[in-house]
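Report on the structure given below.
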Amino acid sequence: MLNLILFGAPGAGKGTQAARLVERYGLLHCSTGEFLRRAIAEKTPQGLIAKSYIDRGELVPDAMVIAMIDQVVEENRDAKGFIFDGFPRTVEQAQELAELLQKRGLQIDAMLMLDVPEEELIARLDKRAALEGRDDDKNTSVIRNRIAVYGKRTAPVADYYETHGKLHRINGVGDVEDLADRLAAVIDNL
Ligand code: ADP
């Protein structure tokens with residue numbers, strides 16, 4: 001099994017690259033953002049709770065996303081591997097992920113971190129708002145809060161994986177294809 005974490009600030013290009021990695025390596029895509037948007041669209045009780053956090057650009061409670069990931073891993077024991085996108089987003093989530101994988105004899109092989117400067121992130125999110133119409137992309141103050149939350153609560157997750165010798169930093173600026181090649185070079189080397 002090959003279990004990867006695709007990491008980077010909102011707008012860093014995780015979703016786009018995850019789709020390519022799924023195709024190239026046959027991994028199962030686990031995007032907590034997608035799972036949460038689905039729950040919101042289906043108006044589940046969890047979706048309603050999640051919406052109140054997402055609309056403000058805050059993180060939803062750790063327990064909610066952990067439960068989602070635990071279920072996906074359990075239901076896909078025969079997968080070739082997982083690509084986690086937008087998760088883990090707090091050090092607590094990273095610790096819980098290690099535990100739930102370990103319980104099943106699995107582990108994270110690498111964290112791939114897409115490095116993109118903040119001004120470029122804001123420009124990309126503004127553009128995505130126009131293209132995809134995601135509610136949390138529409139408002140600049142919500143976007144800025146997401147980036148601030150990323151700096152405060154999520155950036156330390158990279159330190160966690162660095163300590164465990166699993167962090168790979170990748171320049172996230174440039175062509176989608178070039179970036180895909182840079183990621184593949186790191187993965188093929190694992
Ligand atoms: P982006 O990377 O553009 O912020 P995502 O689709 O990954 O978008 O997430 C959208 C929102 O969903 C986040 O701003 C956050 O509120 C919530 N969310 C997604 N994943 C997590 C997570 N692992 N922990 C807590 N909240 C999450």
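Following the order of the structure tokens, chains are lettered A, B, ..., residues in each are numbered from 1, and ligands are numbered from 1.
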**OP:** From a DSSP pass on the backbone, collect the residues of stretch 10-181 of chain A flagged as strand (DSSP E or B) and hand them back as number ranges by chain.
**Re:** A: 28-31, 82-85, 110-115, 167-171
Which polymer residues have any atom within 12 Å of an atom of stretch 140-152 of chain A, counting only C-alpha atoms, with same-chain residues fewer than 6 positions away left out, as a compact mmCIF listing (two decimals) with N, CA and C atoms, in the first residue's frame?
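Generated file (result-v7.txt):
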```
# COMPACT_ATOMS: atom_id res chain seq x y z
N PHE A 7 -0.45 18.03 0.89
CA PHE A 7 -0.56 19.08 1.87
C PHE A 7 -0.28 20.44 1.24
N GLY A 8 -0.94 21.47 1.74
CA GLY A 8 -0.68 22.82 1.25
C GLY A 8 -1.84 23.72 1.63
N ALA A 9 -1.62 25.01 1.55
CA ALA A 9 -2.64 25.99 1.93
C ALA A 9 -3.85 25.88 1.01
N PRO A 10 -5.01 26.46 1.44
CA PRO A 10 -6.16 26.52 0.53
C PRO A 10 -5.73 27.20 -0.76
N GLY A 11 -6.05 26.58 -1.88
CA GLY A 11 -5.68 27.18 -3.16
C GLY A 11 -4.33 26.72 -3.68
N ALA A 12 -3.66 25.85 -2.95
CA ALA A 12 -2.33 25.41 -3.37
C ALA A 12 -2.38 24.45 -4.56
N TYR A 53 -19.21 25.96 10.54
CA TYR A 53 -17.76 26.22 10.65
C TYR A 53 -17.19 26.67 9.30
N ILE A 54 -17.56 25.93 8.25
CA ILE A 54 -16.98 26.19 6.93
C ILE A 54 -17.33 27.60 6.44
N ASP A 55 -18.55 28.03 6.71
CA ASP A 55 -18.98 29.36 6.27
C ASP A 55 -18.14 30.47 6.90
N ARG A 56 -17.54 30.18 8.04
CA ARG A 56 -16.71 31.20 8.69
C ARG A 56 -15.23 31.01 8.37
N GLY A 57 -14.93 29.95 7.63
CA GLY A 57 -13.52 29.70 7.31
C GLY A 57 -12.80 29.02 8.46
N GLU A 58 -13.57 28.44 9.41
CA GLU A 58 -12.96 27.72 10.54
C GLU A 58 -12.89 26.24 10.21
N LEU A 59 -12.08 25.51 10.96
CA LEU A 59 -12.02 24.06 10.81
C LEU A 59 -13.21 23.43 11.52
N VAL A 60 -13.73 22.34 10.97
CA VAL A 60 -14.78 21.60 11.68
C VAL A 60 -14.09 20.79 12.78
N GLY A 86 -6.38 17.60 2.17
CA GLY A 86 -7.10 18.46 3.11
C GLY A 86 -7.21 17.83 4.49
N PHE A 87 -6.46 16.80 4.71
CA PHE A 87 -6.47 16.06 5.97
C PHE A 87 -5.12 15.36 6.12
N PRO A 88 -4.49 15.29 7.28
CA PRO A 88 -4.88 15.95 8.53
C PRO A 88 -4.57 17.44 8.51
N ARG A 89 -5.41 18.18 9.21
CA ARG A 89 -5.29 19.64 9.24
C ARG A 89 -4.93 20.16 10.61
N THR A 90 -4.84 19.29 11.59
CA THR A 90 -4.36 19.68 12.93
C THR A 90 -3.43 18.56 13.38
N VAL A 91 -2.57 18.88 14.34
CA VAL A 91 -1.64 17.86 14.84
C VAL A 91 -2.44 16.72 15.49
N VAL A 116 3.29 27.41 -1.99
CA VAL A 116 2.80 28.49 -2.85
C VAL A 116 2.74 29.78 -2.01
N PRO A 117 3.28 30.90 -2.51
CA PRO A 117 3.24 32.15 -1.76
C PRO A 117 1.80 32.66 -1.56
N GLU A 118 1.58 33.36 -0.42
CA GLU A 118 0.23 33.75 -0.02
C GLU A 118 -0.52 34.59 -1.06
N GLU A 119 0.15 35.57 -1.68
CA GLU A 119 -0.57 36.42 -2.64
C GLU A 119 -1.08 35.61 -3.83
N GLU A 120 -0.29 34.65 -4.24
CA GLU A 120 -0.69 33.76 -5.33
C GLU A 120 -1.90 32.91 -4.90
N LEU A 121 -1.92 32.50 -3.63
CA LEU A 121 -3.05 31.69 -3.13
C LEU A 121 -4.35 32.48 -3.22
N ILE A 122 -4.30 33.73 -2.78
CA ILE A 122 -5.51 34.55 -2.77
C ILE A 122 -6.01 34.77 -4.20
N ALA A 123 -5.08 35.02 -5.11
CA ALA A 123 -5.46 35.22 -6.51
C ALA A 123 -6.13 33.96 -7.06
N ARG A 124 -5.57 32.80 -6.73
CA ARG A 124 -6.15 31.54 -7.24
C ARG A 124 -7.54 31.30 -6.67
N LEU A 125 -7.72 31.59 -5.38
CA LEU A 125 -9.02 31.33 -4.75
C LEU A 125 -10.09 32.27 -5.32
N ASP A 126 -9.69 33.51 -5.60
CA ASP A 126 -10.63 34.46 -6.21
C ASP A 126 -11.08 33.93 -7.57
N LYS A 127 -10.12 33.38 -8.31
CA LYS A 127 -10.42 32.85 -9.63
C LYS A 127 -11.35 31.64 -9.51
N ARG A 128 -11.05 30.75 -8.54
CA ARG A 128 -11.86 29.55 -8.36
C ARG A 128 -13.30 29.93 -7.97
N ALA A 129 -13.43 31.00 -7.18
CA ALA A 129 -14.78 31.45 -6.76
C ALA A 129 -15.62 31.73 -7.99
N ARG A 134 -17.94 28.01 -5.18
CA ARG A 134 -17.98 27.50 -3.81
C ARG A 134 -18.23 28.64 -2.84
N ALA A 158 2.92 19.97 9.21
CA ALA A 158 4.11 19.68 8.39
C ALA A 158 5.31 19.39 9.29
```
Where in stretch 8-176 of chain A does DSSP assign alpha helix (DSSP H), given as a PDB file with C-alpha atoms, in the first residue's frame?
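out.pdb, written as the output of this step:
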```pdb
ATOM      1  CA  LYS A  14      -4.220  19.891  -3.908  1.00  0.00           C
ATOM      2  CA  GLY A  15      -7.496  18.878  -5.542  1.00  0.00           C
ATOM      3  CA  THR A  16      -6.141  19.193  -9.087  1.00  0.00           C
ATOM      4  CA  GLN A  17      -3.004  17.225  -8.314  1.00  0.00           C
ATOM      5  CA  ALA A  18      -4.853  14.613  -6.254  1.00  0.00           C
ATOM      6  CA  ALA A  19      -6.982  13.784  -9.292  1.00  0.00           C
ATOM      7  CA  ARG A  20      -3.815  13.158 -11.325  1.00  0.00           C
ATOM      8  CA  LEU A  21      -2.218  11.022  -8.649  1.00  0.00           C
ATOM      9  CA  VAL A  22      -5.380   8.928  -8.427  1.00  0.00           C
ATOM     10  CA  GLU A  23      -5.130   8.258 -12.138  1.00  0.00           C
ATOM     11  CA  ARG A  24      -1.419   7.582 -12.200  1.00  0.00           C
ATOM     12  CA  TYR A  25      -1.088   5.429  -9.071  1.00  0.00           C
ATOM     13  CA  THR A  32     -12.368  15.742   3.793  1.00  0.00           C
ATOM     14  CA  GLY A  33     -13.453  19.000   2.099  1.00  0.00           C
ATOM     15  CA  GLU A  34     -15.336  16.945  -0.498  1.00  0.00           C
ATOM     16  CA  PHE A  35     -16.840  14.626   2.130  1.00  0.00           C
ATOM     17  CA  LEU A  36     -18.032  17.651   4.101  1.00  0.00           C
ATOM     18  CA  ARG A  37     -19.498  19.412   1.060  1.00  0.00           C
ATOM     19  CA  ARG A  38     -21.375  16.213   0.239  1.00  0.00           C
ATOM     20  CA  ALA A  39     -22.760  16.018   3.792  1.00  0.00           C
ATOM     21  CA  ILE A  40     -23.861  19.648   3.494  1.00  0.00           C
ATOM     22  CA  ALA A  41     -25.541  19.039   0.133  1.00  0.00           C
ATOM     23  CA  PRO A  45     -26.990  16.404  10.775  1.00  0.00           C
ATOM     24  CA  GLN A  46     -23.198  16.418  10.423  1.00  0.00           C
ATOM     25  CA  GLY A  47     -23.478  18.537   7.297  1.00  0.00           C
ATOM     26  CA  LEU A  48     -25.480  21.156   9.161  1.00  0.00           C
ATOM     27  CA  ILE A  49     -22.879  21.364  11.916  1.00  0.00           C
ATOM     28  CA  ALA A  50     -20.022  21.435   9.401  1.00  0.00           C
ATOM     29  CA  LYS A  51     -21.605  24.261   7.441  1.00  0.00           C
ATOM     30  CA  SER A  52     -21.553  26.611  10.411  1.00  0.00           C
ATOM     31  CA  TYR A  53     -17.759  26.222  10.650  1.00  0.00           C
ATOM     32  CA  ILE A  54     -16.978  26.195   6.933  1.00  0.00           C
ATOM     33  CA  ASP A  62     -11.459  16.951  14.690  1.00  0.00           C
ATOM     34  CA  ALA A  63     -13.791  14.153  15.802  1.00  0.00           C
ATOM     35  CA  MET A  64     -16.052  14.690  12.809  1.00  0.00           C
ATOM     36  CA  VAL A  65     -13.344  14.329  10.162  1.00  0.00           C
ATOM     37  CA  ILE A  66     -11.610  11.488  12.011  1.00  0.00           C
ATOM     38  CA  ALA A  67     -14.848   9.504  12.003  1.00  0.00           C
ATOM     39  CA  MET A  68     -15.187  10.086   8.249  1.00  0.00           C
ATOM     40  CA  ILE A  69     -11.631   8.946   7.531  1.00  0.00           C
ATOM     41  CA  ASP A  70     -11.910   5.940   9.836  1.00  0.00           C
ATOM     42  CA  GLN A  71     -14.982   4.797   7.934  1.00  0.00           C
ATOM     43  CA  VAL A  72     -13.403   5.258   4.490  1.00  0.00           C
ATOM     44  CA  VAL A  73     -10.263   3.351   5.492  1.00  0.00           C
ATOM     45  CA  GLU A  74     -12.357   0.556   6.992  1.00  0.00           C
ATOM     46  CA  GLU A  75     -14.560   0.283   3.905  1.00  0.00           C
ATOM     47  CA  VAL A  91      -1.644  17.862  14.844  1.00  0.00           C
ATOM     48  CA  GLU A  92      -4.393  16.004  16.745  1.00  0.00           C
ATOM     49  CA  GLN A  93      -5.786  14.731  13.430  1.00  0.00           C
ATOM     50  CA  ALA A  94      -2.288  13.593  12.414  1.00  0.00           C
ATOM     51  CA  GLN A  95      -1.922  11.654  15.666  1.00  0.00           C
ATOM     52  CA  GLU A  96      -5.348  10.068  15.320  1.00  0.00           C
ATOM     53  CA  LEU A  97      -4.599   9.152  11.703  1.00  0.00           C
ATOM     54  CA  ALA A  98      -1.387   7.389  12.734  1.00  0.00           C
ATOM     55  CA  GLU A  99      -3.373   5.430  15.308  1.00  0.00           C
ATOM     56  CA  LEU A 100      -6.224   4.405  13.063  1.00  0.00           C
ATOM     57  CA  LEU A 101      -3.776   3.270  10.381  1.00  0.00           C
ATOM     58  CA  GLN A 102      -1.554   1.448  12.849  1.00  0.00           C
ATOM     59  CA  GLU A 118       0.233  33.753  -0.025  1.00  0.00           C
ATOM     60  CA  GLU A 119      -0.568  36.421  -2.637  1.00  0.00           C
ATOM     61  CA  GLU A 120      -0.692  33.760  -5.334  1.00  0.00           C
ATOM     62  CA  LEU A 121      -3.046  31.690  -3.126  1.00  0.00           C
ATOM     63  CA  ILE A 122      -5.513  34.553  -2.773  1.00  0.00           C
ATOM     64  CA  ALA A 123      -5.463  35.222  -6.510  1.00  0.00           C
ATOM     65  CA  ARG A 124      -6.149  31.542  -7.245  1.00  0.00           C
ATOM     66  CA  LEU A 125      -9.022  31.333  -4.751  1.00  0.00           C
ATOM     67  CA  ASP A 126     -10.628  34.458  -6.210  1.00  0.00           C
ATOM     68  CA  LYS A 127     -10.425  32.853  -9.626  1.00  0.00           C
ATOM     69  CA  ARG A 128     -11.860  29.553  -8.359  1.00  0.00           C
ATOM     70  CA  ALA A 129     -14.776  31.448  -6.762  1.00  0.00           C
ATOM     71  CA  ALA A 130     -15.717  32.730 -10.195  1.00  0.00           C
ATOM     72  CA  LEU A 131     -15.353  29.296 -11.825  1.00  0.00           C
ATOM     73  CA  GLU A 132     -16.782  26.881  -9.250  1.00  0.00           C
ATOM     74  CA  THR A 140     -12.293  37.643   0.716  1.00  0.00           C
ATOM     75  CA  SER A 141     -12.471  37.871   4.513  1.00  0.00           C
ATOM     76  CA  VAL A 142     -13.445  34.161   4.715  1.00  0.00           C
ATOM     77  CA  ILE A 143     -10.560  33.298   2.368  1.00  0.00           C
ATOM     78  CA  ARG A 144      -8.154  35.297   4.513  1.00  0.00           C
ATOM     79  CA  ASN A 145      -9.420  33.569   7.641  1.00  0.00           C
ATOM     80  CA  ARG A 146      -8.868  30.145   6.044  1.00  0.00           C
ATOM     81  CA  ILE A 147      -5.306  31.105   5.244  1.00  0.00           C
ATOM     82  CA  ALA A 148      -4.807  32.438   8.797  1.00  0.00           C
ATOM     83  CA  VAL A 149      -6.235  29.202  10.293  1.00  0.00           C
ATOM     84  CA  ALA A 155       1.161  24.463   9.223  1.00  0.00           C
ATOM     85  CA  PRO A 156       2.402  22.666  12.418  1.00  0.00           C
ATOM     86  CA  VAL A 157       1.192  19.406  10.844  1.00  0.00           C
ATOM     87  CA  ALA A 158       4.115  19.684   8.385  1.00  0.00           C
ATOM     88  CA  ASP A 159       6.525  19.883  11.342  1.00  0.00           C
ATOM     89  CA  TYR A 160       4.946  16.727  12.726  1.00  0.00           C
ATOM     90  CA  TYR A 161       5.725  14.772   9.541  1.00  0.00           C
ATOM     91  CA  GLU A 162       9.144  16.385   9.221  1.00  0.00           C
ATOM     92  CA  THR A 163       9.990  15.048  12.679  1.00  0.00           C
ATOM     93  CA  VAL A 176      -0.215  21.997 -13.608  1.00  0.00           C
TER      94      VAL A 176
END
```
Subject >> Atomic distance atom 7 (O, counted along the ligand's line) of ligand 1 - atom CA of A:Asn171, expressed in Å with one decimal >> reply: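 According to the coordinates, atom 7 (O, counted along the ligand's line) of ligand 1 and atom CA of A:Asn171 are separated by 19.1 Å.
Rounded to one decimal, atom 14 (O, counted along the ligand's line) of ligand 1 and atom CA of A:Leu114 lie 17.0 Å from each other.
Using only C-alpha atoms, the smallest distance between any of A:Leu106, A:Leu27, A:Val173, A:Leu179 and A:Ala79 comes from A:Leu27.
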